[in-house]
Amino acid sequence: NPMDSEVLTMEELFELLPEGFKPAPRITEDDKNNNIQTTNRKLSQRVYLSIRPDDEIGWSLPIATLNEKNANNESFVDCVKRYMKSNKMLQDLKLLYLSNCPMAVDVIPYKSSEDGNGAEIDERSEGGVYFGEKVFYMRV
């Protein structure tokens with residue numbers, strides 16, 4: 001049971017490191033020189049890619065949909081790679097794909113309305129087949 005696992009302090013974690021191992025500092029020379037042309041800076045902070053497709057939508061995370069024709073064979077990473085290749089703004093980014101497993105998922109139910117006979121129909125689905133969307137967040 002994960003709730004029964006032991007919680008270690010930072011000092012206890014450092015004691016578990018191999019003898020002579022010293023972690024690299026999180027503040028780098030690039031941080032000190034304010035070099036914003038490198039990824040070797042701000043290592044203690046998370047970085048999120050946000051794009052601005054147009055002024056109407058504003059800033060958002062990149063969004064891609066699994067290829068319906070190839071949904072059974074296209075993995076999440078394949079979907080991300082396809083999206084990155086197709087987007088001119090993002091083609092030159094060098095990304096490391098850590099896993100095919102999403103880091104989070106969000107389920108968004110569709111709003112329902114009645115069809116006149118008292119039966120509920122999902123507004124965004126054809127014939128009420130789908131109840132909502134699943135949004136998977138990938139770490140790259």
# chains A, B, ... in the order shown; residues from 1 in each chain; ligands from 1
$ select_by_dssp --residues "segment 4-130 of chain A" --states "helix (DSSP H, G or I)" --output "MDAnalysis selection string"
chainID A and resid 4 10:15 29:32 68:70 76:86 126:128
$ residues_around --residues "segment 66-77 of chain A" --least-positions-apart "5" --cutoff "9 Å" --atoms "only C-alpha atoms" --output "PyMOL selection string"
chain A and resi 82+97+99-102+136+138
$ closest_residue --among "A:Pro18, A:Thr65, A:Leu43, A:Lys81" --to "Asp30 of chain A" --atoms "only C-alpha atoms"
A:Leu43
$ residues_around --residues "Leu13 of chain A" --least-positions-apart "6" --cutoff "12 Å" --atoms "only C-alpha atoms" --output "JSON, numbers by chain"
{"A": [6, 7, 23]}
$ write_last_selection --atoms "all heavy atoms" --output "short mmCIF file (atom, residue, chain, number, x, y, z; two decimals), in the first residue's frame"
data_model
loop_
_atom_site.label_atom_id
_atom_site.label_comp_id
_atom_site.auth_asym_id
_atom_site.auth_seq_id
_atom_site.Cartn_x
_atom_site.Cartn_y
_atom_site.Cartn_z
N GLU A 6 7.36 4.48 3.70
CA GLU A 6 8.13 5.38 4.55
C GLU A 6 8.45 6.66 3.78
O GLU A 6 8.84 6.62 2.61
CB GLU A 6 9.43 4.68 4.95
CG GLU A 6 10.30 5.49 5.87
CD GLU A 6 11.57 4.74 6.24
OE1 GLU A 6 11.70 3.55 5.89
OE2 GLU A 6 12.43 5.36 6.86
N VAL A 7 8.31 7.78 4.44
CA VAL A 7 8.63 9.07 3.84
C VAL A 7 10.00 9.50 4.37
O VAL A 7 10.21 9.55 5.58
CB VAL A 7 7.56 10.14 4.20
CG1 VAL A 7 7.94 11.48 3.61
CG2 VAL A 7 6.20 9.70 3.71
N PRO A 23 25.50 15.59 -6.13
CA PRO A 23 24.57 16.08 -7.15
C PRO A 23 25.05 17.42 -7.73
O PRO A 23 25.66 18.23 -7.03
CB PRO A 23 23.25 16.26 -6.39
CG PRO A 23 23.40 15.47 -5.14
CD PRO A 23 24.86 15.44 -4.83
#
$ residues_around --residues "Gln91 of chain A" --least-positions-apart "4" --cutoff "12 Å" --atoms "only C-alpha atoms" --output "list of chain:residue names"
A:Val80, A:Lys81, A:Arg82, A:Tyr83, A:Met84, A:Lys85, A:Ser86, A:Asn87, A:Leu95
$ write_last_selection --atoms "C-alpha atoms" --output "PDB file, in the first residue's frame"
ATOM      1  CA  VAL A  80       2.840  14.128 -30.125  1.00  0.00           C
ATOM      2  CA  LYS A  81       5.599  13.554 -32.711  1.00  0.00           C
ATOM      3  CA  ARG A  82       3.101  13.877 -35.578  1.00  0.00           C
ATOM      4  CA  TYR A  83       1.774  17.127 -34.116  1.00  0.00           C
ATOM      5  CA  MET A  84       5.256  18.576 -33.602  1.00  0.00           C
ATOM      6  CA  LYS A  85       6.230  17.801 -37.223  1.00  0.00           C
ATOM      7  CA  SER A  86       3.029  19.367 -38.566  1.00  0.00           C
ATOM      8  CA  ASN A  87       3.332  22.617 -36.606  1.00  0.00           C
ATOM      9  CA  LEU A  95      12.342  17.091 -27.355  1.00  0.00           C
TER      10      LEU A  95
END
